[in-house]
file upload_18.txt (compact mmCIF, N, CA and C atoms and all ligand atoms)
# COMPACT_ATOMS: atom_id res chain seq x y z
N MET H 81 40.02 -67.15 108.77
CA MET H 81 39.01 -67.25 107.69
C MET H 81 39.63 -67.96 106.48
N SER H 82 38.94 -68.90 105.94
CA SER H 82 39.49 -69.65 104.81
C SER H 82 39.44 -68.81 103.53
N GLY H 83 40.30 -69.18 102.59
CA GLY H 83 40.36 -68.42 101.35
C GLY H 83 39.05 -68.43 100.59
N SER H 84 38.39 -69.58 100.57
CA SER H 84 37.17 -69.65 99.76
C SER H 84 36.05 -68.81 100.38
N LYS H 85 36.01 -68.75 101.72
CA LYS H 85 34.96 -67.94 102.34
C LYS H 85 35.18 -66.46 102.00
N ARG H 86 36.46 -66.07 102.08
CA ARG H 86 36.78 -64.67 101.75
C ARG H 86 36.37 -64.35 100.31
N MET H 87 36.64 -65.28 99.42
CA MET H 87 36.27 -65.06 98.02
C MET H 87 34.76 -64.95 97.87
N PHE H 88 34.06 -65.80 98.62
CA PHE H 88 32.61 -65.77 98.54
C PHE H 88 32.10 -64.41 99.01
N GLU H 89 32.66 -63.91 100.10
CA GLU H 89 32.21 -62.62 100.62
C GLU H 89 32.53 -61.48 99.65
N ASP H 90 33.69 -61.55 99.01
CA ASP H 90 34.02 -60.57 97.98
C ASP H 90 32.99 -60.61 96.87
N HIS H 91 32.67 -61.82 96.46
CA HIS H 91 31.71 -62.00 95.38
C HIS H 91 30.36 -61.38 95.75
N GLU H 92 29.91 -61.67 96.96
CA GLU H 92 28.63 -61.11 97.41
C GLU H 92 28.69 -59.59 97.48
N ALA H 93 29.80 -59.06 97.98
CA ALA H 93 29.94 -57.60 98.08
C ALA H 93 29.92 -56.97 96.69
N LYS H 94 30.59 -57.61 95.74
CA LYS H 94 30.62 -57.07 94.38
C LYS H 94 29.24 -57.12 93.74
N ARG H 95 28.54 -58.23 93.97
CA ARG H 95 27.17 -58.33 93.45
C ARG H 95 26.29 -57.24 94.07
N GLY H 96 26.43 -57.04 95.37
CA GLY H 96 25.62 -56.03 96.06
C GLY H 96 25.84 -54.65 95.48
N ILE H 97 27.11 -54.31 95.23
CA ILE H 97 27.40 -53.00 94.67
C ILE H 97 26.89 -52.89 93.25
N ALA H 98 27.05 -53.96 92.47
CA ALA H 98 26.55 -53.95 91.09
C ALA H 98 25.04 -53.72 91.07
N ILE H 99 24.33 -54.34 92.01
CA ILE H 99 22.87 -54.15 92.09
C ILE H 99 22.56 -52.70 92.44
N GLN H 100 23.31 -52.13 93.38
CA GLN H 100 23.08 -50.73 93.75
C GLN H 100 23.29 -49.80 92.55
N ILE H 101 24.34 -50.07 91.76
CA ILE H 101 24.59 -49.24 90.57
C ILE H 101 23.41 -49.36 89.61
N ALA H 102 22.96 -50.59 89.39
CA ALA H 102 21.87 -50.82 88.44
C ALA H 102 20.58 -50.13 88.91
N ILE H 103 20.33 -50.18 90.22
CA ILE H 103 19.13 -49.53 90.76
C ILE H 103 19.24 -48.02 90.63
N GLU H 104 20.42 -47.49 90.96
CA GLU H 104 20.63 -46.04 90.88
C GLU H 104 20.45 -45.56 89.44
N ALA H 105 20.87 -46.38 88.48
CA ALA H 105 20.76 -46.00 87.07
C ALA H 105 19.36 -46.22 86.52
N GLY H 106 18.49 -46.90 87.28
CA GLY H 106 17.14 -47.17 86.81
C GLY H 106 17.05 -48.41 85.94
N VAL H 107 18.15 -49.15 85.84
CA VAL H 107 18.15 -50.39 85.04
C VAL H 107 17.41 -51.49 85.81
N LEU H 108 17.57 -51.47 87.13
CA LEU H 108 16.77 -52.33 88.00
C LEU H 108 15.93 -51.44 88.91
N GLU H 109 14.78 -51.96 89.30
CA GLU H 109 13.94 -51.26 90.28
C GLU H 109 13.94 -52.08 91.56
N GLN H 110 13.93 -51.37 92.67
CA GLN H 110 13.83 -52.07 93.96
C GLN H 110 12.38 -52.01 94.41
N CYS H 111 11.81 -53.19 94.71
CA CYS H 111 10.43 -53.22 95.20
C CYS H 111 10.35 -52.47 96.52
N GLU H 112 9.29 -51.66 96.70
CA GLU H 112 9.19 -50.89 97.95
C GLU H 112 8.70 -51.76 99.11
N PHE H 113 8.19 -52.95 98.81
CA PHE H 113 7.70 -53.82 99.89
C PHE H 113 8.62 -54.99 100.18
N HIS H 114 9.34 -55.43 99.17
CA HIS H 114 10.21 -56.59 99.33
C HIS H 114 11.66 -56.22 99.01
N ASP H 115 12.56 -57.01 99.54
CA ASP H 115 13.98 -56.78 99.26
C ASP H 115 14.32 -57.48 97.95
N ILE H 116 13.66 -57.06 96.90
CA ILE H 116 13.79 -57.73 95.61
C ILE H 116 13.97 -56.68 94.53
N ALA H 117 14.87 -56.95 93.61
CA ALA H 117 15.06 -56.05 92.47
C ALA H 117 14.47 -56.70 91.23
N TYR H 118 13.97 -55.87 90.33
CA TYR H 118 13.42 -56.38 89.07
C TYR H 118 13.72 -55.36 87.99
N GLU H 119 13.38 -55.71 86.77
CA GLU H 119 13.77 -54.91 85.61
C GLU H 119 13.17 -53.51 85.63
N GLY H 120 14.03 -52.50 85.45
CA GLY H 120 13.56 -51.13 85.36
C GLY H 120 13.41 -50.68 83.91
N ASN H 121 13.32 -49.36 83.71
CA ASN H 121 13.04 -48.83 82.38
C ASN H 121 14.29 -48.53 81.56
N GLU H 122 15.43 -48.41 82.24
CA GLU H 122 16.63 -47.98 81.53
C GLU H 122 17.37 -49.17 80.91
N GLU H 123 18.09 -48.86 79.82
CA GLU H 123 18.95 -49.87 79.21
C GLU H 123 20.18 -50.09 80.08
N ILE H 124 20.77 -51.26 79.94
CA ILE H 124 21.91 -51.62 80.78
C ILE H 124 23.09 -50.66 80.58
N GLU H 125 23.18 -50.03 79.40
CA GLU H 125 24.26 -49.08 79.14
C GLU H 125 24.26 -47.95 80.16
N SER H 126 23.09 -47.57 80.66
CA SER H 126 23.01 -46.51 81.66
C SER H 126 23.75 -46.91 82.93
N ALA H 127 23.64 -48.18 83.30
CA ALA H 127 24.34 -48.66 84.50
C ALA H 127 25.85 -48.71 84.25
N TYR H 128 26.26 -49.12 83.04
CA TYR H 128 27.69 -49.13 82.73
C TYR H 128 28.25 -47.71 82.84
N LYS H 129 27.49 -46.75 82.29
CA LYS H 129 27.93 -45.37 82.28
C LYS H 129 28.06 -44.82 83.70
N LEU H 130 27.03 -45.08 84.50
CA LEU H 130 27.05 -44.61 85.89
C LEU H 130 28.20 -45.27 86.65
N GLY H 131 28.35 -46.58 86.47
CA GLY H 131 29.42 -47.31 87.15
C GLY H 131 30.79 -46.81 86.73
N ASN H 132 30.98 -46.56 85.43
CA ASN H 132 32.27 -46.07 84.94
C ASN H 132 32.60 -44.71 85.53
N GLY H 133 31.58 -43.84 85.65
CA GLY H 133 31.79 -42.52 86.24
C GLY H 133 32.25 -42.66 87.68
N LYS H 134 31.59 -43.53 88.43
CA LYS H 134 31.98 -43.74 89.84
C LYS H 134 33.36 -44.37 89.91
N PHE H 135 33.62 -45.32 89.02
CA PHE H 135 34.93 -45.98 89.01
C PHE H 135 36.04 -44.95 88.78
N SER H 136 35.78 -44.02 87.84
CA SER H 136 36.78 -42.97 87.54
C SER H 136 37.06 -42.11 88.75
N ARG H 137 36.04 -41.93 89.60
CA ARG H 137 36.24 -41.11 90.81
C ARG H 137 36.85 -41.93 91.95
N GLY H 138 37.13 -43.21 91.67
CA GLY H 138 37.82 -44.05 92.64
C GLY H 138 36.91 -44.66 93.70
N GLU H 139 35.58 -44.65 93.44
CA GLU H 139 34.65 -45.13 94.47
C GLU H 139 34.76 -46.63 94.74
N PHE H 140 35.18 -47.39 93.73
CA PHE H 140 35.18 -48.85 93.89
C PHE H 140 36.59 -49.41 93.96
N ARG H 141 37.55 -48.57 94.31
CA ARG H 141 38.94 -49.00 94.30
C ARG H 141 39.16 -50.24 95.17
N ASP H 142 38.43 -50.33 96.27
CA ASP H 142 38.61 -51.48 97.16
C ASP H 142 37.77 -52.68 96.75
N THR H 143 36.88 -52.49 95.80
CA THR H 143 35.94 -53.56 95.47
C THR H 143 36.27 -54.24 94.15
N PHE H 144 36.33 -53.48 93.08
CA PHE H 144 36.57 -54.07 91.76
C PHE H 144 38.00 -53.81 91.31
N GLU H 145 38.57 -54.84 90.68
CA GLU H 145 39.96 -54.71 90.23
C GLU H 145 40.06 -53.90 88.94
N SER H 146 39.00 -53.90 88.16
CA SER H 146 39.03 -53.21 86.87
C SER H 146 37.60 -52.81 86.47
N ARG H 147 37.51 -51.91 85.52
CA ARG H 147 36.19 -51.53 84.97
C ARG H 147 35.51 -52.75 84.39
N ARG H 148 36.32 -53.57 83.73
CA ARG H 148 35.79 -54.74 83.07
C ARG H 148 35.10 -55.67 84.09
N GLU H 149 35.77 -55.86 85.24
CA GLU H 149 35.17 -56.71 86.27
C GLU H 149 33.85 -56.09 86.75
N MET H 150 33.84 -54.78 86.92
CA MET H 150 32.63 -54.11 87.38
C MET H 150 31.48 -54.28 86.38
N THR H 151 31.78 -54.04 85.09
CA THR H 151 30.69 -54.14 84.11
C THR H 151 30.25 -55.60 83.95
N ASP H 152 31.17 -56.55 84.14
CA ASP H 152 30.76 -57.96 84.11
C ASP H 152 29.77 -58.26 85.23
N TYR H 153 30.04 -57.72 86.42
CA TYR H 153 29.12 -57.94 87.54
C TYR H 153 27.78 -57.26 87.28
N ILE H 154 27.82 -56.05 86.73
CA ILE H 154 26.55 -55.36 86.42
C ILE H 154 25.73 -56.20 85.45
N LYS H 155 26.40 -56.69 84.41
CA LYS H 155 25.72 -57.51 83.40
C LYS H 155 25.09 -58.74 84.07
N ASN H 156 25.86 -59.40 84.93
CA ASN H 156 25.36 -60.60 85.59
C ASN H 156 24.15 -60.33 86.47
N VAL H 157 24.22 -59.28 87.29
CA VAL H 157 23.10 -59.04 88.21
C VAL H 157 21.85 -58.60 87.44
N VAL H 158 22.04 -57.86 86.35
CA VAL H 158 20.87 -57.44 85.57
C VAL H 158 20.23 -58.66 84.90
N GLU H 159 21.08 -59.55 84.38
CA GLU H 159 20.54 -60.77 83.75
C GLU H 159 19.89 -61.70 84.77
N ASP H 160 20.31 -61.57 86.03
CA ASP H 160 19.73 -62.39 87.10
C ASP H 160 18.37 -61.89 87.55
N HIS H 161 17.97 -60.71 87.10
CA HIS H 161 16.69 -60.13 87.54
C HIS H 161 15.83 -59.82 86.32
N PRO H 162 15.36 -60.86 85.64
CA PRO H 162 14.66 -60.65 84.38
C PRO H 162 13.18 -60.26 84.55
N ALA H 163 12.65 -60.31 85.77
CA ALA H 163 11.22 -60.06 85.97
C ALA H 163 10.88 -58.61 85.68
N GLU H 164 9.70 -58.36 85.08
CA GLU H 164 9.29 -56.99 84.78
C GLU H 164 8.62 -56.33 85.97
N GLU H 165 8.24 -57.14 86.96
CA GLU H 165 7.74 -56.57 88.20
C GLU H 165 8.20 -57.48 89.33
N CYS H 166 8.02 -57.02 90.56
CA CYS H 166 8.46 -57.81 91.70
C CYS H 166 7.70 -59.13 91.72
N PRO H 167 8.39 -60.27 91.70
CA PRO H 167 7.71 -61.57 91.66
C PRO H 167 6.84 -61.79 92.90
N SER H 168 7.25 -61.27 94.05
CA SER H 168 6.45 -61.46 95.26
C SER H 168 5.15 -60.66 95.20
N CYS H 169 5.22 -59.44 94.68
CA CYS H 169 3.99 -58.63 94.53
C CYS H 169 3.07 -59.29 93.52
N ALA H 170 3.63 -59.75 92.41
CA ALA H 170 2.82 -60.39 91.38
C ALA H 170 2.13 -61.62 91.97
N HIS H 171 2.86 -62.36 92.77
CA HIS H 171 2.31 -63.58 93.38
C HIS H 171 1.19 -63.22 94.35
N MET H 172 1.37 -62.17 95.15
CA MET H 172 0.34 -61.79 96.12
C MET H 172 -0.93 -61.34 95.43
N ARG H 173 -0.76 -60.65 94.30
CA ARG H 173 -1.92 -60.15 93.57
C ARG H 173 -2.73 -61.30 92.96
N GLU H 174 -2.00 -62.33 92.52
CA GLU H 174 -2.67 -63.44 91.85
C GLU H 174 -3.34 -64.40 92.82
N SER H 175 -2.84 -64.45 94.08
CA SER H 175 -3.39 -65.45 95.00
C SER H 175 -4.57 -64.91 95.79
ZN ZN H 201 7.29 -56.69 95.94

call {"tool": "encode", "arguments": {"input": "upload_18.txt", "output": "structure tokens", "more": "lines below"}}
Ligand SMILES: [Zn+2]
result
Amino acid sequence: MSGSKRMFEDHEAKRGIAIQIAIEAGVLEQCEFHDIAYEGNEEIESAYKLGNGKFSRGEFRDTFESRREMTDYIKNVVEDHPAEECPSCAHMRES
């Protein structure tokens, strides 16, 4: 496996975990019909707090090198999902 592919997979895995943390904290919501996350009701600080608690318990030891890296990923995935509702559901309703 080439180095860049491995890095890409790490990146995807880290993004996936960051999304899970954000969903668990209520910062992102997961659409029940689509595999899509969108903005939830909680502030992003809730996801940082939840992630930090898990990090302290050693849950992400194999994934993130530092808390800082974890919170950077959380910030990125939350900013990547700015929609207030699932875009696919919104689209289906409008068409
Ligand atoms: Zn949807």

call {"tool": "select_by_dssp", "arguments": {"input": "upload_18.txt", "residues": "chain H", "states": "strand (DSSP E)", "output": "list of chain:residue names"}}
result
H:Leu108, H:Glu109, H:Gln110, H:Ala117, H:Tyr118, H:Glu119

call {"tool": "write_last_selection", "arguments": {"input": "upload_18.txt", "atoms": "N, CA and C atoms", "output": "PDB file, in the coordinates of the input"}}
result
ATOM      1  N   LEU H 108      17.570 -51.470  87.130  1.00  0.00           N
ATOM      2  CA  LEU H 108      16.770 -52.330  88.000  1.00  0.00           C
ATOM      3  C   LEU H 108      15.930 -51.440  88.910  1.00  0.00           C
ATOM      4  N   GLU H 109      14.780 -51.960  89.300  1.00  0.00           N
ATOM      5  CA  GLU H 109      13.940 -51.260  90.280  1.00  0.00           C
ATOM      6  C   GLU H 109      13.940 -52.080  91.560  1.00  0.00           C
ATOM      7  N   GLN H 110      13.930 -51.370  92.670  1.00  0.00           N
ATOM      8  CA  GLN H 110      13.830 -52.070  93.960  1.00  0.00           C
ATOM      9  C   GLN H 110      12.380 -52.010  94.410  1.00  0.00           C
ATOM     10  N   ALA H 117      14.870 -56.950  93.610  1.00  0.00           N
ATOM     11  CA  ALA H 117      15.060 -56.050  92.470  1.00  0.00           C
ATOM     12  C   ALA H 117      14.470 -56.700  91.230  1.00  0.00           C
ATOM     13  N   TYR H 118      13.970 -55.870  90.330  1.00  0.00           N
ATOM     14  CA  TYR H 118      13.420 -56.380  89.070  1.00  0.00           C
ATOM     15  C   TYR H 118      13.720 -55.360  87.990  1.00  0.00           C
ATOM     16  N   GLU H 119      13.380 -55.710  86.770  1.00  0.00           N
ATOM     17  CA  GLU H 119      13.770 -54.910  85.610  1.00  0.00           C
ATOM     18  C   GLU H 119      13.170 -53.510  85.630  1.00  0.00           C
TER      19      GLU H 119
END

call {"tool": "closest_residue", "arguments": {"input": "upload_18.txt", "among": "H:Ser126, H:Asn121, H:Thr143, H:Asn132", "to": "H:Glu89", "atoms": "only C-alpha atoms"}}
result
H:Thr143

call {"tool": "atom_distance", "arguments": {"input": "upload_18.txt", "atom1": "atom N of H:Ala127", "atom2": "atom N of H:Met87"}}
result
26.9 Å

call {"tool": "axis_aligned_box", "arguments": {"input": "upload_18.txt", "around": "stretch 128-134 of chain H", "padding_each_side": "4 Å", "output": "lines of an AutoDock Vina configuration file"}}
result
center_x = 29.8
center_y = -45.8
center_z = 86.1
size_x = 15.1
size_y = 14.6
size_z = 15.6

call {"tool": "residues_near_ligand", "arguments": {"input": "upload_18.txt", "ligand": "ligand ZN 201 (chain H)", "cutoff": "8 Å", "atoms": "all atoms listed in the file", "output": "compact mmCIF listing (two decimals) with N, CA and C atoms, in the coordinates of the input"}}
result
# COMPACT_ATOMS: atom_id res chain seq x y z
N GLN H 110 13.93 -51.37 92.67
CA GLN H 110 13.83 -52.07 93.96
C GLN H 110 12.38 -52.01 94.41
N CYS H 111 11.81 -53.19 94.71
CA CYS H 111 10.43 -53.22 95.20
C CYS H 111 10.35 -52.47 96.52
N GLU H 112 9.29 -51.66 96.70
CA GLU H 112 9.19 -50.89 97.95
C GLU H 112 8.70 -51.76 99.11
N PHE H 113 8.19 -52.95 98.81
CA PHE H 113 7.70 -53.82 99.89
C PHE H 113 8.62 -54.99 100.18
N HIS H 114 9.34 -55.43 99.17
CA HIS H 114 10.21 -56.59 99.33
C HIS H 114 11.66 -56.22 99.01
N ASP H 115 12.56 -57.01 99.54
CA ASP H 115 13.98 -56.78 99.26
C ASP H 115 14.32 -57.48 97.95
N ILE H 116 13.66 -57.06 96.90
CA ILE H 116 13.79 -57.73 95.61
C ILE H 116 13.97 -56.68 94.53
N ALA H 117 14.87 -56.95 93.61
CA ALA H 117 15.06 -56.05 92.47
C ALA H 117 14.47 -56.70 91.23
N GLU H 165 8.24 -57.14 86.96
CA GLU H 165 7.74 -56.57 88.20
C GLU H 165 8.20 -57.48 89.33
N CYS H 166 8.02 -57.02 90.56
CA CYS H 166 8.46 -57.81 91.70
C CYS H 166 7.70 -59.13 91.72
N PRO H 167 8.39 -60.27 91.70
CA PRO H 167 7.71 -61.57 91.66
C PRO H 167 6.84 -61.79 92.90
N SER H 168 7.25 -61.27 94.05
CA SER H 168 6.45 -61.46 95.26
C SER H 168 5.15 -60.66 95.20
N CYS H 169 5.22 -59.44 94.68
CA CYS H 169 3.99 -58.63 94.53
C CYS H 169 3.07 -59.29 93.52
N ALA H 170 3.63 -59.75 92.41
CA ALA H 170 2.82 -60.39 91.38
C ALA H 170 2.13 -61.62 91.97
N HIS H 171 2.86 -62.36 92.77
CA HIS H 171 2.31 -63.58 93.38
C HIS H 171 1.19 -63.22 94.35

call {"tool": "atom_distance", "arguments": {"input": "upload_18.txt", "atom1": "atom C of H:His91", "atom2": "atom CA of H:Tyr153"}}
result
9.0 Å

call {"tool": "closest_residue", "arguments": {"input": "upload_18.txt", "among": "H:His161, H:Glu174, H:Ile154, H:Glu109", "to": "H:Gly96", "atoms": "only C-alpha atoms"}}
result
H:Ile154

call {"tool": "atom_distance", "arguments": {"input": "upload_18.txt", "atom1": "atom CA of H:Glu125", "atom2": "atom CA of H:Val107"}}
result
8.6 Å

call {"tool": "select_by_dssp", "arguments": {"input": "upload_18.txt", "residues": "chain H", "states": "helix (DSSP H, G or I)", "output": "MDAnalysis selection string"}}
result
chainID H and resid 83:105 124:136 147:159 167:174
